[in-house]
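I have placed the structure first, in the form of structure tokens, so that the comments after it can refer back to it.
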Amino acid sequence: MTYDFDLFVIGAGSGGVRAARFAAGFGAKVAVAESRYLGGTCVNVGCVPKKLMVYAAHVADEMEQAAGFGWTLEEGHFDWGTLIANKNREIERLNGIYRNLLVNSGVTLLEGHARLTGANEVEIDGQRYSAKHILIATGGWPLVPDIPGKELAITSNEAFYLKQLPKRILVVGGGYIAVEFAGIFQGLGSATSLLYRGDLFLRGFDGSVRTHLKDELDKRGVDLQFNSDIQRIDQQADGSLKATLKDGRELLTDCVFYATGRRPMLDNLGLEHTGVELDERGFVRVDDQYQTTEPSILAIGDVIGRVQLTPVALAEGMAVARRLFKPEQYRPVDYRNIPTAVFSQPPIGTVGLTEEQAIEAGHKVRVFESRFRAMKLTLTEIQEKTLMKLVVDADTDKVLGCHMVGPDAGEIIQGLGIALKAGATKAQFDETIGVHPTAAEEFVTMRTAMR
């Protein structure tokens with residue numbers, strides 16, 4: 001049978017664009033459909049604008065530290081509108097880059113909502129296209145619990161476009177998005193409370209990392225309220241919001257920000273016209289080669305609910321393009337030892353197993369930890385501490401996990417990710433000469449196991 005396209009990609013986010021570009025480069029005839037914005041969540045309402053806002057929040061730290069180095073600064077003034085306008089201009093520039101990447105690769109870009117009408121057919125604005133392979137890369141969407149007043153709350157989607165900086169904000173959630181935005185708003189001047197229904201945020205991260213970040217956020221003045229959850233939200237006469245908690249307490253605020261998880265974006269996708277099945281969590285069910293239960297349809301990225309990170313979606317997109325159109329170059333995605341950063345304040349960098357995971361997996365472990373005040377802070381009154389931690393297999397000496405909370409954690413952990421991927425031992429860490437004076441050298445100078 002002759003098809004209009006060899007590959008039809010639904011969604012022009014990181015994974016979809018990567019798959020489309022490389023499939024076209026391998027000689028396939030490719031189309032991409034996008035109804036919202038080029039670049040997906042990461043470029044528009046995720047990693048990129050969030051990191052720009054993290055930079056903005058860090059300026060307050062730099063100004064505070066300046067006096068210790070002899071600088072006298074006039075009182076600073078932050079303008080939210082300027083930040084948002086500059087951010088929007090940068091996002092528009094990136095949208096253009098993504099457009100050029102696709103078009104210059106020979107991909108047909110169709111801007112409109114794509115809906116599946118069969119195993120090999122997609123409809124956009126009344127026009128139908130056939131394809132040998134269809135790739136679902138529609139990403140995720142923020143979830144807000146179904147409580148009275150939920151329409152008064154915002155999510156990460158709206159946070160990047162607020163007209164003004166809230167004087168008071170409640171951030172609800174215990175994942176990385178919640179702690180990142182709590183740090184952003186606190187750093188930019190909002191009175192910030194972080195509510196989480198559990199005992200401690202960042203479930204699944206190393207225990208030392210979680211407790212260390214809690215202590216540092218406490219120092220920064222973030223109001224941490226654990227074992228707390230909102231029952232309802234009500235608008236007040238003055239425009240403020242009243243959040244009534246399940247324990248009966250009432251909190252007044254100007255903004256309620258929910259970061260309580262994300263769902264796969266499958267709205268009006270037409271899955272009912274195919275044999276595609278969802279798993280028990282509601283994500284698209286795929287096998288190890290990203291093939292759904294409909295043989296002609298594949299899926300990657302956040303919509304399959306594996307590791308919801310941009311670089312992972314990129315790797316999955318590349319794997320699909322190679323398997324379909326350049327099989328001699330195909331290699332499966334390795335989900336082990338994925339370096340991860342959380343751009344909290346201070347930031348987290350982590351790769352490999354947590355101490356808890358290592359023990360649960362049956363390893364006998366040696367744990368090395370170091371907490372210290374960074375050199376940059378020694379001329380200031382700031383008491384922030386950096387944490388570095390290594391989890392080592394006591395029998396093989398192999399380093400199982402590296403964890404850090406402190407400035408440049410994401411930059412530092414990238415190199416350690418290579419070391420863990422290569423199977424480095426603690427002895428090899430010890431034999432590596434450190435770069436002095438840096439915080440990073442602490443990872444190669446920890447000699448005594450704490451436990």
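Order determines the names: the first chain of the structure tokens is A, the second B, and so forth; residues in each chain are numbered 1 upward, and ligands are numbered 1 upward as they are shown.
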
Strand (DSSP E or B) per DSSP on the backbone: members of range 16-136 of chain A, as a short mmCIF file (atom, residue, chain, number, x, y, z; two decimals) with C-alpha atoms, in the first residue's frame:
data_model
loop_
_atom_site.label_atom_id
_atom_site.label_comp_id
_atom_site.auth_asym_id
_atom_site.auth_seq_id
_atom_site.Cartn_x
_atom_site.Cartn_y
_atom_site.Cartn_z
CA VAL A 30 7.86 12.71 7.46
CA ALA A 31 5.10 15.01 8.72
CA VAL A 32 4.68 16.63 12.14
CA ALA A 33 1.40 18.00 13.47
CA GLU A 34 1.35 20.55 16.31
CA THR A 108 6.22 18.69 6.47
CA LEU A 109 4.93 20.85 9.34
CA LEU A 110 1.16 20.85 9.78
CA GLU A 111 -0.11 23.32 12.37
CA ALA A 114 -4.27 15.96 14.75
CA ARG A 115 -6.78 13.22 15.46
CA LEU A 116 -6.38 9.53 14.76
CA THR A 117 -9.08 8.13 12.50
CA GLY A 118 -7.54 4.70 12.07
CA GLU A 121 -4.72 7.61 9.24
CA VAL A 122 -4.71 11.08 10.82
CA GLU A 123 -7.13 13.96 10.32
CA ILE A 124 -6.27 17.66 10.66
CA GLN A 127 -7.91 16.84 5.79
CA ARG A 128 -6.89 13.20 6.11
CA TYR A 129 -3.35 11.85 5.76
CA SER A 130 -2.18 8.25 5.67
CA ALA A 131 1.09 7.03 7.18
CA LYS A 132 2.89 3.73 7.47
CA HIS A 133 3.93 4.62 11.02
CA ILE A 134 2.32 7.09 13.42
CA LEU A 135 4.20 8.39 16.46
CA ILE A 136 2.30 9.84 19.42
#

Self-check item: Distance query Ala313 in chain A at most 9 Å, only C-alpha atoms, self and fewer than 3 positions along chain excluded, as a list in words
Solution: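 That gives Gly13, Ser14, Gly15, Gly16, Arg18, Ala137, Ile300, Gly301, Asp302, Val307, Gln308, Leu309, Thr310, Glu316, Gly317 and Met318 of chain A.
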
Hey, what's within 9 Å of Arg331 in chain A if we count only C-alpha atoms and toss same-chain stuff fewer than 3 positions away? As a tab-separated table (two decimals) with N, CA, C and O atoms, in the first residue's frame, please?
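Below is the file that was written, selection30.tsv:
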chain	number	residue	atom	x	y	z
A	319	ALA	N	15.84	6.76	19.16
A	319	ALA	CA	15.75	5.30	19.07
A	319	ALA	C	14.68	4.88	18.07
A	319	ALA	O	14.88	3.94	17.28
A	322	ARG	N	15.88	5.58	14.42
A	322	ARG	CA	16.89	4.61	13.99
A	322	ARG	C	16.29	3.24	13.74
A	322	ARG	O	16.62	2.58	12.75
A	323	ARG	N	15.44	2.78	14.65
A	323	ARG	CA	14.89	1.43	14.49
A	323	ARG	C	14.07	1.31	13.21
A	323	ARG	O	14.13	0.31	12.50
A	327	PRO	N	18.14	0.88	10.92
A	327	PRO	CA	18.25	-0.16	11.95
A	327	PRO	C	19.68	-0.55	12.29
A	327	PRO	O	19.93	-1.00	13.42
A	328	GLU	N	20.61	-0.35	11.36
A	328	GLU	CA	22.00	-0.71	11.68
A	328	GLU	C	22.60	0.21	12.75
A	328	GLU	O	23.60	-0.13	13.37
A	334	ASP	N	19.09	3.39	27.42
A	334	ASP	CA	19.50	2.87	28.71
A	334	ASP	C	18.96	3.79	29.80
A	334	ASP	O	19.38	4.94	29.91

Exercise. With a distance cut-off of 6 Å and only C-alpha atoms, select the neighbouring residues of range 153-158 of chain A, excluding the residue or stretch itself and same-chain residues fewer than 4 positions from it, and output the selection as a list in words.
Key: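 So the residues in contact are Val45, Val256, Phe257 and Tyr258 of chain A.
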
Take the selection from the previous step and output its residues with N, CA, C and O atoms, as a CSV table (one decimal), in the first residue's frame.
chain,number,residue,atom,x,y,z
A,45,VAL,N,6.6,26.0,28.4
A,45,VAL,CA,6.1,26.1,29.8
A,45,VAL,C,6.8,25.1,30.7
A,45,VAL,O,6.2,24.6,31.6
A,256,VAL,N,-2.9,30.5,44.4
A,256,VAL,CA,-2.7,29.1,44.7
A,256,VAL,C,-2.1,28.4,43.5
A,256,VAL,O,-2.8,28.4,42.4
A,257,PHE,N,-0.9,27.8,43.6
A,257,PHE,CA,-0.2,27.1,42.5
A,257,PHE,C,-0.2,25.6,42.8
A,257,PHE,O,0.4,25.2,43.7
A,258,TYR,N,-0.8,24.9,41.9
A,258,TYR,CA,-0.8,23.4,42.0
A,258,TYR,C,0.3,22.8,41.2
A,258,TYR,O,0.4,23.0,40.0
